[in-house]
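Structure file protein05.csv with CSV, C-alpha atoms:
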chain,number,residue,atom,x,y,z
L,18,TYR,CA,0.0,0.0,0.0
L,19,THR,CA,3.0,2.3,0.4
L,20,SER,CA,3.2,2.7,-3.4
L,21,GLU,CA,-0.3,4.3,-3.4
L,22,VAL,CA,0.9,7.5,-1.6
L,23,SER,CA,1.9,8.8,-5.0
L,24,THR,CA,-1.7,8.3,-6.3
L,25,VAL,CA,-3.1,10.7,-3.7
L,26,LEU,CA,-0.6,13.4,-4.7
L,27,MET,CA,-1.3,12.7,-8.4
L,28,ASN,CA,-5.1,13.2,-7.8
L,29,TYR,CA,-4.4,16.5,-6.0
L,30,ARG,CA,-2.2,17.6,-8.9
L,31,TRP,CA,-5.0,16.8,-11.4
L,32,TYR,CA,-7.4,18.8,-9.2
L,33,LEU,CA,-5.0,21.8,-9.2
L,34,LEU,CA,-4.7,21.5,-13.0
L,35,GLN,CA,-8.5,21.7,-13.3
L,36,THR,CA,-9.1,24.5,-10.8
L,37,LEU,CA,-6.1,26.9,-10.8
L,38,LYS,CA,-6.4,30.1,-12.8
L,39,ASP,CA,-2.9,31.5,-12.1
L,40,ASP,CA,0.5,30.2,-11.0
L,41,TRP,CA,0.7,29.2,-7.3
L,42,ILE,CA,3.8,28.1,-5.4
L,43,GLY,CA,1.8,25.1,-4.0
L,44,PHE,CA,1.5,23.8,-7.5
L,45,GLY,CA,5.3,23.5,-7.8
L,46,VAL,CA,5.5,21.9,-4.3
L,47,VAL,CA,2.9,19.3,-5.2
L,48,ASN,CA,4.5,18.6,-8.6
L,49,CYS,CA,7.9,18.0,-6.9
L,50,LEU,CA,6.3,15.7,-4.3
L,51,VAL,CA,4.5,13.8,-7.1
L,52,VAL,CA,7.8,13.3,-9.0
L,53,LEU,CA,9.7,12.3,-5.8
L,54,SER,CA,6.9,9.9,-4.8
L,55,TRP,CA,6.6,8.4,-8.3
L,56,ALA,CA,10.4,7.9,-8.4
L,57,ALA,CA,10.2,6.2,-4.9
L,58,ARG,CA,7.3,4.0,-6.3
L,59,VAL,CA,9.6,2.9,-9.2
L,60,GLY,CA,12.3,2.1,-6.7
L,61,LEU,CA,10.0,0.3,-4.4
L,62,PHE,CA,8.6,-2.0,-7.1
L,63,GLY,CA,12.2,-2.7,-8.3
L,64,TYR,CA,13.3,-3.5,-4.8
L,65,LEU,CA,10.3,-5.8,-4.1
L,66,LEU,CA,10.8,-7.7,-7.4
L,67,PHE,CA,14.5,-8.2,-7.3
L,68,VAL,CA,15.2,-8.4,-3.5
L,69,GLU,CA,12.0,-9.8,-2.0
L,70,ILE,CA,10.2,-11.9,-4.6
L,71,LEU,CA,12.7,-13.3,-7.1
L,72,PRO,CA,15.2,-14.7,-4.5
L,73,ARG,CA,12.3,-16.7,-2.9
L,74,SER,CA,11.4,-18.5,-6.1
L,75,SER,CA,12.5,-21.9,-4.7
L,76,GLU,CA,10.2,-21.4,-1.8
L,77,TYR,CA,7.2,-20.9,-4.1
L,78,VAL,CA,8.2,-24.0,-6.2
L,79,ALA,CA,8.5,-26.1,-3.0
L,80,ALA,CA,5.1,-24.9,-1.8
L,81,LYS,CA,3.7,-25.6,-5.3
L,82,GLN,CA,2.6,-22.0,-5.7
L,83,VAL,CA,4.2,-21.3,-9.1
L,84,LEU,CA,1.1,-19.5,-10.4
L,85,THR,CA,1.2,-17.2,-7.4
L,86,PHE,CA,4.9,-16.5,-8.1
L,87,VAL,CA,4.3,-15.9,-11.8
L,88,CYS,CA,1.4,-13.5,-11.0
L,89,MET,CA,3.5,-11.6,-8.4
L,90,VAL,CA,6.5,-11.3,-10.7
L,91,GLY,CA,4.4,-10.2,-13.7
L,92,GLY,CA,2.3,-7.8,-11.6
L,93,HIS,CA,5.3,-6.1,-10.0
L,94,PHE,CA,7.2,-5.9,-13.3
L,95,ALA,CA,4.2,-4.5,-15.2
L,96,ILE,CA,3.4,-1.9,-12.5
L,97,GLY,CA,7.1,-1.0,-12.2
L,98,VAL,CA,7.5,-0.4,-16.0
L,99,LEU,CA,4.2,1.6,-16.2
L,100,SER,CA,5.3,3.7,-13.3
L,101,LEU,CA,8.6,4.3,-14.9
L,102,TYR,CA,6.8,5.4,-18.1
L,103,TRP,CA,4.6,7.8,-16.3
L,104,LEU,CA,7.5,9.3,-14.4
L,105,HIS,CA,9.2,9.9,-17.8
L,106,VAL,CA,6.0,11.5,-19.1
L,107,MET,CA,5.7,13.8,-16.0
L,108,CYS,CA,9.4,14.9,-16.4
L,109,ARG,CA,9.4,15.4,-20.1
L,110,GLY,CA,8.6,19.1,-20.0
L,111,GLY,CA,11.7,19.8,-17.9
L,112,VAL,CA,12.2,21.4,-14.6
L,113,LYS,CA,10.3,24.6,-15.5
L,114,SER,CA,7.1,22.7,-16.2
L,115,LEU,CA,7.3,21.1,-12.8
L,116,PHE,CA,7.4,24.5,-10.9
L,117,VAL,CA,5.4,26.8,-13.1
L,118,PHE,CA,1.7,26.4,-13.7
L,119,GLN,CA,0.4,27.4,-17.1
L,120,LYS,CA,-3.3,27.3,-17.6
L,121,VAL,CA,-4.3,25.7,-20.9
L,122,SER,CA,-7.1,27.6,-22.5
L,123,GLU,CA,-10.3,25.7,-23.3
L,124,LYS,CA,-10.0,26.3,-27.0
L,125,ASP,CA,-6.5,24.7,-26.9
L,126,GLN,CA,-7.8,21.8,-25.0
L,127,GLY,CA,-10.6,21.0,-27.5
L,128,ALA,CA,-14.1,19.8,-26.9
L,129,VAL,CA,-13.0,16.3,-26.1
L,130,PHE,CA,-11.4,15.4,-22.8
L,131,GLU,CA,-8.1,13.7,-23.2
L,132,PHE,CA,-6.0,12.7,-20.2
L,133,GLY,CA,-2.8,13.4,-22.2
L,134,ASN,CA,-3.7,17.1,-22.1
L,135,ASP,CA,-3.5,17.1,-18.3
L,136,ILE,CA,-0.1,15.4,-18.1
L,137,GLY,CA,1.5,17.6,-20.7
L,138,ARG,CA,1.7,15.3,-23.7
L,139,PRO,CA,2.0,17.1,-27.0
L,140,LYS,CA,-1.2,17.3,-29.0
L,141,LYS,CA,-1.7,15.2,-32.1
L,142,GLN,CA,-1.7,17.3,-35.2
L,143,LEU,CA,-4.7,16.6,-37.5

Give the structure from the file, written as structure tokens.
Amino acid sequence: YTSEVSTVLMNYRWYLLQTLKDDWIGFGVVNCLVVLSWAARVGLFGYLLFVEILPRSSEYVAAKQVLTFVCMVGGHFAIGVLSLYWLHVMCRGGVKSLFVFQKVSEKDQGAVFEFGNDIGRPKKQL
């Protein structure tokens, strides 16, 4: 459950993106905390996979719990890789985008909601 601390911060960041009108120092603080917690999440899943789960493979085989072992390895690997990807996406805009809030106008956002707009992904050109 420790890895879900970053989710609370990410949800608050999304709320700020939706409600802020101007730059606010708290936005930069929240963004920094999100990036730090997301990096810790990547590290945590790597640690759990390579230090806690994989070395115990023989115990799972002896207990005839191979499916459990495979699900744990697959799950931790998938969540770790996805977390690494989202960390990369969050940091793609550089340091300035982490500290400075820039309100996206509704005309730039388009009529259709896209999650990518909230995380700073470049828009697709039609």

(request) Compare L:Phe44, L:Met27, L:Val87, L:Pro72 by their minimum atom-to-atom distance to Lys113 in chain L, counting all atoms listed in the file, and give me the closest one. (result) L:Phe44

(message) Neighbouring residues of Val51 in chain L were defined as those with any atom within 7 Å, considering only C-alpha atoms; residues of the same chain fewer than 4 positions away were excluded. Please report them as a ChimeraX atom specification.
(response) /L:23,26-27,47,55

(message) For a quick check of understanding, using only C-alpha atoms, which of L:Asp39, L:Glu76, L:Glu21, L:Glu69 has the smallest distance to Ala57 in chain L?
(response)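 Of all the options, L:Glu21 lies closest to Ala57 in chain L.
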
(request) Determine, counting all atoms listed in the file, which protein, DNA and RNA residues have an atom within 12 Å of an atom of Met89 in chain L; residues of the same chain fewer than 6 positions away are not included. Present the result as a PyMOL selection string. (result) chain L and resi 62+65-67+69-71+73-74+77+82-83+95-97

(message) Given all atoms listed in the file as the basis, pick out the residue of L:Lys81, L:His93, L:Lys120, L:His105 nearest to Leu37 in chain L.
(response)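 Ranked by minimum distance to Leu37 in chain L, first place goes to L:Lys120.
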
(request) Using CA of Ser20 in chain L and CA of Val78 in chain L as the two end points, give the distance in Å to one decimal. (result)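 Going from CA of Ser20 in chain L over to CA of Val78 in chain L covers 27.3 Å.
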
(request) Please indicate the distance in Å from CA of Ser100 in chain L to CA of Arg58 in chain L, rounded to one decimal place. (result) 7.3 Å

(request) For CA of Phe118 in chain L and CA of Leu61 in chain L, determine how far apart the two atoms are, in Å to one decimal place. (result)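 Those two atoms sit 28.9 Å apart.
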
(request) Find the spatial neighbours of Gly45 in chain L, counting all atoms listed in the file, within a cut-off of 7 Å - ignore same-chain residues fewer than 2 positions away - and output them as a list of chain:residue names. (result)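 Neighbouring residues, sequence-local ones excluded: L:Ile42, L:Gly43, L:Val47, L:Asn48, L:Cys49, L:Leu115, L:Phe116, L:Val117.
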
(request) Fewer than 6 positions away in the same chain doesn't count, so skip those; otherwise give me all residues within 9 Å of Gln119 in chain L, counting all atoms listed in the file, as a PyMOL selection string. (result) chain L and resi 34+38-40

(message) Could you check the closest approach to Val52 in chain L for each of L:Leu84, L:Val112, L:Met107, L:Ala79 and tell me which residue wins, using all atoms listed in the file?
(response)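 Of all the options, L:Met107 lies closest to Val52 in chain L.
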